[in-house]
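Asker: Sharing data.cif, mmCIF, N, CA and C atoms:
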```cif
data_work
loop_
_atom_site.label_atom_id
_atom_site.label_comp_id
_atom_site.auth_asym_id
_atom_site.auth_seq_id
_atom_site.Cartn_x
_atom_site.Cartn_y
_atom_site.Cartn_z
N MET A 1 75.37 68.33 96.03
CA MET A 1 76.42 67.33 95.88
C MET A 1 75.88 66.09 95.15
N LYS A 2 74.65 65.68 95.50
CA LYS A 2 74.06 64.52 94.85
C LYS A 2 73.86 64.77 93.36
N ILE A 3 73.49 65.99 93.03
CA ILE A 3 73.25 66.33 91.63
C ILE A 3 74.55 66.24 90.83
N ILE A 4 75.64 66.72 91.37
CA ILE A 4 76.94 66.65 90.69
C ILE A 4 77.33 65.19 90.47
N PHE A 5 77.15 64.37 91.49
CA PHE A 5 77.46 62.94 91.37
C PHE A 5 76.60 62.30 90.29
N TYR A 6 75.32 62.60 90.28
CA TYR A 6 74.39 62.03 89.31
C TYR A 6 74.77 62.46 87.89
N ILE A 7 75.04 63.74 87.69
CA ILE A 7 75.41 64.24 86.37
C ILE A 7 76.73 63.61 85.91
N THR A 8 77.70 63.53 86.81
CA THR A 8 78.97 62.89 86.48
C THR A 8 78.74 61.44 86.06
N PHE A 9 77.90 60.74 86.81
CA PHE A 9 77.59 59.35 86.49
C PHE A 9 76.97 59.24 85.09
N LEU A 10 76.03 60.11 84.78
CA LEU A 10 75.38 60.08 83.47
C LEU A 10 76.37 60.36 82.35
N ILE A 11 77.23 61.33 82.54
CA ILE A 11 78.22 61.67 81.51
C ILE A 11 79.14 60.48 81.25
N ILE A 12 79.61 59.86 82.31
CA ILE A 12 80.50 58.70 82.16
C ILE A 12 79.76 57.55 81.51
N ALA A 13 78.54 57.29 81.95
CA ALA A 13 77.77 56.17 81.40
C ALA A 13 77.53 56.35 79.91
N PHE A 14 77.14 57.55 79.49
CA PHE A 14 76.88 57.78 78.08
C PHE A 14 78.15 57.76 77.24
N SER A 15 79.24 58.28 77.76
CA SER A 15 80.47 58.29 76.98
C SER A 15 81.07 56.90 76.84
N VAL A 16 80.92 56.07 77.85
CA VAL A 16 81.47 54.71 77.79
C VAL A 16 80.62 53.83 76.90
N SER A 17 79.30 54.01 76.96
CA SER A 17 78.41 53.12 76.21
C SER A 17 78.51 53.33 74.71
N GLY A 18 78.83 54.53 74.27
CA GLY A 18 78.94 54.80 72.83
C GLY A 18 77.64 54.46 72.13
N HIS A 19 77.74 53.70 71.02
CA HIS A 19 76.55 53.35 70.26
C HIS A 19 76.06 51.94 70.57
N GLU A 20 76.71 51.25 71.47
CA GLU A 20 76.32 49.89 71.76
C GLU A 20 75.14 49.86 72.73
N VAL A 21 74.39 48.79 72.67
CA VAL A 21 73.19 48.64 73.49
C VAL A 21 73.57 48.23 74.90
N LYS A 22 73.03 48.95 75.88
CA LYS A 22 73.24 48.59 77.28
C LYS A 22 72.16 47.58 77.63
N ILE A 23 72.48 46.30 77.56
CA ILE A 23 71.51 45.23 77.67
C ILE A 23 70.80 45.21 79.02
N GLU A 24 71.52 45.46 80.09
CA GLU A 24 70.91 45.33 81.40
C GLU A 24 69.79 46.33 81.65
N TYR A 25 69.63 47.34 80.82
CA TYR A 25 68.59 48.34 80.99
C TYR A 25 67.51 48.26 79.92
N LYS A 26 67.51 47.23 79.11
CA LYS A 26 66.58 47.13 77.99
C LYS A 26 65.52 46.06 78.25
N THR A 27 64.36 46.28 77.64
CA THR A 27 63.32 45.26 77.67
C THR A 27 63.70 44.16 76.70
N THR A 28 63.03 43.03 76.82
CA THR A 28 63.29 41.92 75.90
C THR A 28 63.04 42.36 74.46
N GLU A 29 61.96 43.10 74.24
CA GLU A 29 61.64 43.55 72.89
C GLU A 29 62.73 44.47 72.33
N GLU A 30 63.28 45.34 73.17
CA GLU A 30 64.35 46.23 72.71
C GLU A 30 65.61 45.44 72.38
N ILE A 31 65.90 44.41 73.17
CA ILE A 31 67.07 43.56 72.89
C ILE A 31 66.87 42.82 71.58
N ILE A 32 65.68 42.27 71.38
CA ILE A 32 65.38 41.55 70.14
C ILE A 32 65.53 42.48 68.94
N ASN A 33 65.00 43.69 69.05
CA ASN A 33 65.11 44.66 67.96
C ASN A 33 66.57 45.03 67.69
N ALA A 34 67.35 45.22 68.75
CA ALA A 34 68.78 45.54 68.59
C ALA A 34 69.50 44.38 67.90
N ARG A 35 69.14 43.17 68.27
CA ARG A 35 69.73 41.96 67.68
C ARG A 35 69.41 41.90 66.19
N MET A 36 68.15 42.17 65.84
CA MET A 36 67.75 42.11 64.44
C MET A 36 68.44 43.20 63.62
N LYS A 37 68.59 44.39 64.19
CA LYS A 37 69.29 45.47 63.49
C LYS A 37 70.77 45.11 63.29
N LYS A 38 71.37 44.52 64.32
CA LYS A 38 72.79 44.14 64.21
C LYS A 38 72.97 43.05 63.16
N MET A 39 72.04 42.08 63.12
CA MET A 39 72.13 41.02 62.11
C MET A 39 71.95 41.61 60.71
N SER A 40 71.07 42.57 60.58
CA SER A 40 70.88 43.23 59.29
C SER A 40 72.16 43.95 58.86
N LEU A 41 72.81 44.62 59.81
CA LEU A 41 74.08 45.29 59.51
C LEU A 41 75.14 44.27 59.07
N ILE A 42 75.23 43.15 59.78
CA ILE A 42 76.19 42.10 59.43
C ILE A 42 75.91 41.57 58.03
N ASN A 43 74.65 41.35 57.73
CA ASN A 43 74.26 40.87 56.40
C ASN A 43 74.62 41.88 55.32
N ASN A 44 74.31 43.14 55.55
CA ASN A 44 74.62 44.19 54.57
C ASN A 44 76.12 44.33 54.35
N LEU A 45 76.89 44.29 55.43
CA LEU A 45 78.35 44.40 55.30
C LEU A 45 78.92 43.19 54.56
N SER A 46 78.40 42.00 54.84
CA SER A 46 78.87 40.79 54.16
C SER A 46 78.60 40.88 52.66
N GLN A 47 77.42 41.36 52.30
CA GLN A 47 77.09 41.53 50.87
C GLN A 47 78.00 42.57 50.21
N LYS A 48 78.25 43.64 50.94
CA LYS A 48 79.12 44.71 50.42
C LYS A 48 80.54 44.16 50.20
N ILE A 49 81.05 43.42 51.17
CA ILE A 49 82.39 42.84 51.05
C ILE A 49 82.45 41.86 49.88
N TYR A 50 81.40 41.05 49.74
CA TYR A 50 81.36 40.10 48.63
C TYR A 50 81.52 40.82 47.29
N LYS A 51 80.81 41.92 47.12
CA LYS A 51 80.90 42.68 45.88
C LYS A 51 82.28 43.31 45.70
N GLU A 52 82.91 43.67 46.80
CA GLU A 52 84.23 44.32 46.75
C GLU A 52 85.36 43.34 46.49
N LEU A 53 85.13 42.06 46.68
CA LEU A 53 86.20 41.07 46.49
C LEU A 53 86.77 41.11 45.08
N ASN A 54 85.94 41.35 44.09
CA ASN A 54 86.42 41.39 42.71
C ASN A 54 87.12 42.70 42.36
N LEU A 55 86.93 43.72 43.18
CA LEU A 55 87.60 45.00 42.95
C LEU A 55 89.02 44.99 43.51
N ALA A 56 89.24 44.15 44.51
CA ALA A 56 90.55 44.04 45.17
C ALA A 56 91.03 45.39 45.70
N ASP A 57 90.11 46.22 46.17
CA ASP A 57 90.45 47.49 46.82
C ASP A 57 90.67 47.16 48.31
N PHE A 58 91.91 46.89 48.66
CA PHE A 58 92.21 46.38 50.01
C PHE A 58 91.92 47.40 51.11
N ASP A 59 92.02 48.67 50.82
CA ASP A 59 91.68 49.68 51.83
C ASP A 59 90.19 49.64 52.15
N LEU A 60 89.38 49.58 51.13
CA LEU A 60 87.94 49.52 51.31
C LEU A 60 87.53 48.19 51.96
N LEU A 61 88.15 47.12 51.52
CA LEU A 61 87.88 45.80 52.11
C LEU A 61 88.22 45.79 53.60
N LYS A 62 89.35 46.40 53.95
CA LYS A 62 89.75 46.44 55.35
C LYS A 62 88.75 47.24 56.18
N LYS A 63 88.36 48.40 55.68
CA LYS A 63 87.40 49.25 56.39
C LYS A 63 86.11 48.48 56.69
N ASN A 64 85.55 47.86 55.67
CA ASN A 64 84.28 47.16 55.84
C ASN A 64 84.42 45.87 56.64
N THR A 65 85.56 45.21 56.53
CA THR A 65 85.77 43.99 57.30
C THR A 65 85.98 44.31 58.78
N LEU A 66 86.65 45.41 59.08
CA LEU A 66 86.78 45.84 60.47
C LEU A 66 85.41 46.20 61.06
N GLU A 67 84.59 46.85 60.27
CA GLU A 67 83.23 47.18 60.72
C GLU A 67 82.42 45.89 60.94
N LEU A 68 82.60 44.92 60.06
CA LEU A 68 81.93 43.62 60.21
C LEU A 68 82.38 42.93 61.49
N LYS A 69 83.68 42.97 61.76
CA LYS A 69 84.19 42.33 62.98
C LYS A 69 83.59 42.99 64.22
N HIS A 70 83.53 44.30 64.24
CA HIS A 70 82.96 45.02 65.37
C HIS A 70 81.49 44.61 65.57
N ALA A 71 80.74 44.58 64.48
CA ALA A 71 79.32 44.21 64.55
C ALA A 71 79.15 42.77 65.03
N ALA A 72 79.97 41.86 64.50
CA ALA A 72 79.88 40.44 64.88
C ALA A 72 80.26 40.23 66.34
N THR A 73 81.25 40.94 66.81
CA THR A 73 81.68 40.83 68.21
C THR A 73 80.57 41.33 69.13
N HIS A 74 79.95 42.43 68.77
CA HIS A 74 78.87 42.98 69.59
C HIS A 74 77.61 42.11 69.52
N PHE A 75 77.36 41.49 68.38
CA PHE A 75 76.17 40.66 68.18
C PHE A 75 76.09 39.56 69.24
N LYS A 76 77.20 38.95 69.53
CA LYS A 76 77.23 37.85 70.50
C LYS A 76 76.69 38.28 71.87
N LYS A 77 76.85 39.54 72.21
CA LYS A 77 76.42 40.05 73.50
C LYS A 77 74.91 40.31 73.57
N LEU A 78 74.23 40.17 72.45
CA LEU A 78 72.81 40.49 72.40
C LEU A 78 71.89 39.28 72.67
N PHE A 79 72.42 38.30 73.38
CA PHE A 79 71.65 37.11 73.71
C PHE A 79 71.71 36.80 75.22
N PRO A 80 71.39 37.79 76.06
CA PRO A 80 71.43 37.51 77.50
C PRO A 80 70.28 36.58 77.90
N ILE A 81 70.40 36.02 79.08
CA ILE A 81 69.32 35.19 79.62
C ILE A 81 68.05 36.03 79.63
N ASN A 82 66.93 35.39 79.42
CA ASN A 82 65.62 36.04 79.41
C ASN A 82 65.43 37.00 78.24
N SER A 83 66.11 36.76 77.13
CA SER A 83 65.88 37.59 75.93
C SER A 83 65.40 36.73 74.77
N LYS A 84 64.76 35.60 75.10
CA LYS A 84 64.25 34.72 74.05
C LYS A 84 63.18 35.43 73.26
N GLY A 85 63.14 35.10 71.96
CA GLY A 85 62.11 35.66 71.11
C GLY A 85 62.66 36.05 69.77
N GLY A 86 61.82 36.73 69.00
CA GLY A 86 62.22 37.07 67.64
C GLY A 86 62.31 35.82 66.81
N ARG A 87 63.36 35.73 66.02
CA ARG A 87 63.57 34.54 65.19
C ARG A 87 64.61 33.60 65.80
N ALA A 88 65.05 33.92 67.00
CA ALA A 88 66.07 33.10 67.67
C ALA A 88 65.41 31.86 68.29
N LYS A 89 65.98 30.71 68.01
CA LYS A 89 65.47 29.47 68.60
C LYS A 89 65.87 29.40 70.08
N ASN A 90 65.06 28.73 70.87
CA ASN A 90 65.37 28.52 72.28
C ASN A 90 66.68 27.76 72.46
N LEU A 91 67.08 27.02 71.44
CA LEU A 91 68.32 26.26 71.48
C LEU A 91 69.53 27.14 71.80
N ILE A 92 69.45 28.42 71.43
CA ILE A 92 70.55 29.35 71.73
C ILE A 92 70.83 29.36 73.22
N TRP A 93 69.80 29.41 74.03
CA TRP A 93 69.98 29.50 75.48
C TRP A 93 70.15 28.12 76.12
N GLU A 94 69.61 27.10 75.46
CA GLU A 94 69.77 25.73 75.95
C GLU A 94 71.19 25.23 75.71
N LYS A 95 71.80 25.67 74.62
CA LYS A 95 73.17 25.26 74.25
C LYS A 95 74.01 26.51 74.03
N LYS A 96 74.06 27.35 75.04
CA LYS A 96 74.73 28.66 74.95
C LYS A 96 76.21 28.52 74.60
N ILE A 97 76.87 27.54 75.16
CA ILE A 97 78.30 27.35 74.88
C ILE A 97 78.51 27.04 73.40
N LEU A 98 77.67 26.20 72.83
CA LEU A 98 77.77 25.86 71.41
C LEU A 98 77.47 27.10 70.55
N PHE A 99 76.44 27.85 70.92
CA PHE A 99 76.10 29.07 70.19
C PHE A 99 77.26 30.06 70.22
N ASP A 100 77.86 30.23 71.39
CA ASP A 100 79.01 31.13 71.51
C ASP A 100 80.19 30.64 70.66
N GLU A 101 80.35 29.32 70.57
CA GLU A 101 81.42 28.76 69.74
C GLU A 101 81.19 29.08 68.27
N TYR A 102 79.96 28.98 67.81
CA TYR A 102 79.63 29.35 66.43
C TYR A 102 79.99 30.82 66.18
N ASN A 103 79.62 31.68 67.13
CA ASN A 103 79.93 33.11 66.99
C ASN A 103 81.43 33.34 66.99
N ASP A 104 82.14 32.66 67.88
CA ASP A 104 83.60 32.81 67.94
C ASP A 104 84.25 32.36 66.63
N ASN A 105 83.74 31.29 66.04
CA ASN A 105 84.27 30.83 64.76
C ASN A 105 84.03 31.85 63.65
N PHE A 106 82.86 32.49 63.71
CA PHE A 106 82.53 33.54 62.73
C PHE A 106 83.52 34.69 62.85
N VAL A 107 83.78 35.14 64.07
CA VAL A 107 84.73 36.24 64.30
C VAL A 107 86.14 35.81 63.92
N SER A 108 86.48 34.58 64.19
CA SER A 108 87.80 34.06 63.81
C SER A 108 87.98 34.08 62.29
N ASP A 109 86.95 33.71 61.56
CA ASP A 109 87.01 33.77 60.09
C ASP A 109 87.22 35.21 59.62
N ILE A 110 86.58 36.15 60.30
CA ILE A 110 86.76 37.56 59.95
C ILE A 110 88.21 37.97 60.23
N ASP A 111 88.78 37.47 61.32
CA ASP A 111 90.19 37.75 61.61
C ASP A 111 91.10 37.23 60.50
N PHE A 112 90.80 36.04 59.98
CA PHE A 112 91.59 35.51 58.86
C PHE A 112 91.42 36.39 57.63
N MET A 113 90.23 36.90 57.42
CA MET A 113 90.02 37.82 56.30
C MET A 113 90.91 39.05 56.45
N LEU A 114 90.99 39.57 57.66
CA LEU A 114 91.82 40.76 57.91
C LEU A 114 93.30 40.47 57.65
N ILE A 115 93.74 39.28 58.02
CA ILE A 115 95.13 38.88 57.74
C ILE A 115 95.36 38.83 56.23
N ASN A 116 94.42 38.22 55.52
CA ASN A 116 94.54 38.14 54.06
C ASN A 116 94.55 39.52 53.42
N ILE A 117 93.76 40.43 53.96
CA ILE A 117 93.73 41.81 53.45
C ILE A 117 95.07 42.48 53.70
N ASP A 118 95.63 42.29 54.89
CA ASP A 118 96.92 42.93 55.22
C ASP A 118 98.04 42.48 54.29
N VAL A 119 98.03 41.21 53.89
CA VAL A 119 99.07 40.71 53.00
C VAL A 119 98.66 40.78 51.52
N LYS A 120 97.47 41.35 51.30
CA LYS A 120 96.93 41.55 49.95
C LYS A 120 96.86 40.26 49.14
N ASP A 121 96.34 39.22 49.80
CA ASP A 121 96.19 37.91 49.17
C ASP A 121 94.70 37.70 48.85
N ILE A 122 94.31 38.09 47.65
CA ILE A 122 92.90 38.05 47.27
C ILE A 122 92.36 36.63 47.18
N ILE A 123 93.18 35.68 46.77
CA ILE A 123 92.73 34.29 46.66
C ILE A 123 92.39 33.74 48.05
N SER A 124 93.29 33.92 48.99
CA SER A 124 93.04 33.46 50.37
C SER A 124 91.89 34.24 51.00
N LEU A 125 91.77 35.51 50.66
CA LEU A 125 90.68 36.32 51.18
C LEU A 125 89.33 35.76 50.73
N LYS A 126 89.25 35.40 49.47
CA LYS A 126 88.00 34.81 48.96
C LYS A 126 87.69 33.49 49.67
N GLU A 127 88.71 32.70 49.93
CA GLU A 127 88.51 31.44 50.67
C GLU A 127 88.04 31.71 52.10
N SER A 128 88.67 32.67 52.75
CA SER A 128 88.27 33.03 54.11
C SER A 128 86.85 33.59 54.14
N PHE A 129 86.51 34.38 53.13
CA PHE A 129 85.15 34.90 53.04
C PHE A 129 84.14 33.75 52.90
N ASN A 130 84.48 32.77 52.06
CA ASN A 130 83.59 31.61 51.89
C ASN A 130 83.46 30.83 53.20
N ASP A 131 84.55 30.69 53.94
CA ASP A 131 84.49 30.01 55.26
C ASP A 131 83.56 30.78 56.20
N MET A 132 83.70 32.11 56.20
CA MET A 132 82.86 32.94 57.05
C MET A 132 81.40 32.77 56.67
N SER A 133 81.11 32.80 55.39
CA SER A 133 79.74 32.64 54.90
C SER A 133 79.16 31.28 55.28
N THR A 134 79.98 30.24 55.18
CA THR A 134 79.54 28.90 55.55
C THR A 134 79.20 28.84 57.04
N ASN A 135 80.06 29.44 57.87
CA ASN A 135 79.78 29.46 59.31
C ASN A 135 78.50 30.23 59.59
N CYS A 136 78.30 31.31 58.89
CA CYS A 136 77.10 32.12 59.04
C CYS A 136 75.86 31.27 58.73
N SER A 137 75.89 30.59 57.62
CA SER A 137 74.75 29.76 57.20
C SER A 137 74.49 28.61 58.16
N SER A 138 75.54 27.96 58.62
CA SER A 138 75.34 26.83 59.52
C SER A 138 74.76 27.29 60.87
N CYS A 139 75.15 28.45 61.32
CA CYS A 139 74.60 29.00 62.57
C CYS A 139 73.12 29.32 62.38
N HIS A 140 72.77 29.92 61.25
CA HIS A 140 71.37 30.25 60.99
C HIS A 140 70.52 28.99 60.94
N LYS A 141 71.02 27.95 60.27
CA LYS A 141 70.25 26.71 60.16
C LYS A 141 70.00 26.10 61.53
N LYS A 142 70.96 26.19 62.41
CA LYS A 142 70.86 25.56 63.72
C LYS A 142 70.08 26.42 64.72
N PHE A 143 70.27 27.74 64.69
CA PHE A 143 69.78 28.58 65.78
C PHE A 143 68.72 29.62 65.40
N LYS A 144 68.29 29.66 64.14
CA LYS A 144 67.34 30.70 63.73
C LYS A 144 66.06 30.08 63.19
N ASN A 145 64.93 30.55 63.69
CA ASN A 145 63.62 30.14 63.17
C ASN A 145 63.35 30.87 61.87
N LYS A 146 62.53 30.24 61.03
CA LYS A 146 62.18 30.88 59.76
C LYS A 146 61.23 32.05 59.96
N LYS A 147 60.42 31.98 61.00
CA LYS A 147 59.48 33.06 61.29
C LYS A 147 59.67 33.55 62.71
N ARG A 148 59.35 34.80 62.92
CA ARG A 148 59.45 35.40 64.25
C ARG A 148 58.45 34.74 65.20
N LEU A 149 58.90 34.45 66.43
CA LEU A 149 58.07 33.75 67.40
C LEU A 149 57.03 34.65 68.06
N ASN A 150 57.36 35.92 68.28
CA ASN A 150 56.39 36.79 68.97
C ASN A 150 56.24 38.11 68.28
#
```
Since I need it in another form, could you write the structure as structure tokens?
Answerer:
Amino acid sequence: MKIIFYITFLIIAFSVSGHEVKIEYKTTEEIINARMKKMSLINNLSQKIYKELNLADFDLLKKNTLELKHAATHFKKLFPINSKGGRAKNLIWEKKILFDEYNDNFVSDIDFMLINIDVKDIISLKESFNDMSTNCSSCHKKFKNKKRLN
């Protein structure tokens, strides 16, 4: 009976977790690595979207912007207490509410991009993309070290 319960638990846990990182079971180093991979994905998607803006392929833009939103939403969860390190400044945990606000603004800009894509307004989309990029840069300046701490 215990084995059935255990197997059921594992099946549910793996199916619910999908591809996202289960933070409560990870070491600090694993969380930092997951954070760096997610930031790399966000950067790559942002560059891809930037190149696609001149093509005005709204289907492709929507696909990549939705993927960007998913990555950005998950990124915020990769800063639990006791996960200091990497290139993240300690200020993230000292001013967690402010850091979360920066992330929320980033996701909000992505939402505006999605609205612009839905109405096929390339001019507004480019403006929203620039707003998103500005928020991204300001967050990096405030909360990211130039070199990895450990």
Asker: From a DSSP calculation on the backbone, collect every residue of range 15-149 of chain A in alpha helix (DSSP H) and output the set as a PyMOL selection string.
Answerer: chain A and resi 15-17+28-52+58-75+91-94+96-118+122-143
Asker: At most 12 Å is the cut-off: for each residue in range 25-53 of chain A with any atom that close to an atom of range 118-125 of chain A, write down the nearest atom pair and the distance in Å rounded to one decimal, counting only C-alpha atoms, chain first then increasing number, as CSV.
Answerer:
```
residue,atom,partner,partner_atom,distance
A:Ile49,CA,A:Leu125,CA,10.5
A:Tyr50,CA,A:Leu125,CA,10.4
A:Glu52,CA,A:Ile122,CA,10.7
A:Leu53,CA,A:Ile122,CA,7.4
```
Asker: How many Å separate atom N of Ala34 in chain A from atom C of Asp104 in chain A?
Answerer: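 So the two atoms, atom N of Ala34 in chain A and atom C of Asp104 in chain A, lie 21.3 Å apart.
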Asker: Considering all atoms listed in the file, state which residue in the set A:Met113, A:Phe106, A:Lys77, A:Ile31 is at the smallest distance from Asn135 in chain A.
Answerer: A:Phe106
Asker: To one decimal place, how far is CA of Phe112 in chain A from CA of Met132 in chain A in Å?
Answerer: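 It comes out at 9.3 Å.
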Asker: Check what the PyMOL selection byres ((chain A and resi 90-103) around 8) selects in the file above and give those residues as a list in words.
Answerer: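 Output from the PyMOL selection byres ((chain A and resi 90-103) around 8), applied to this file: Ala72, Thr73, Phe75, Lys76, Phe79, Pro80, Ile81, Asn82, Lys84, Gly85, Arg87, Ala88, Lys89, Asp104, Asn105, Phe106, Val107, Ser108, Asp109, Asn135, Cys136, Ser138, Cys139, Lys142, Phe143, Lys144 and Asn145 of chain A.
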Asker: What do you get, as an NGL selection string, if you spell out every residue that the PyMOL selection byres (((chain A and resi 42-44 and name CA) around 9) and name CA) selects here?
Answerer: :A and (37-41 or 45-49 or 67-69 or 71-72 or 75)
Asker: So what do you get for atom N of Glu29 in chain A versus atom C of His74 in chain A, distance-wise?
Answerer: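 Between these atoms lies a distance of 16.4 Å.
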Asker: Out of A:Ile117, A:Thr28, A:Met36, A:Ile110, which residue has the shortest atom-to-atom distance to Phe58 in chain A when counting only C-alpha atoms?
Answerer: A:Ile117
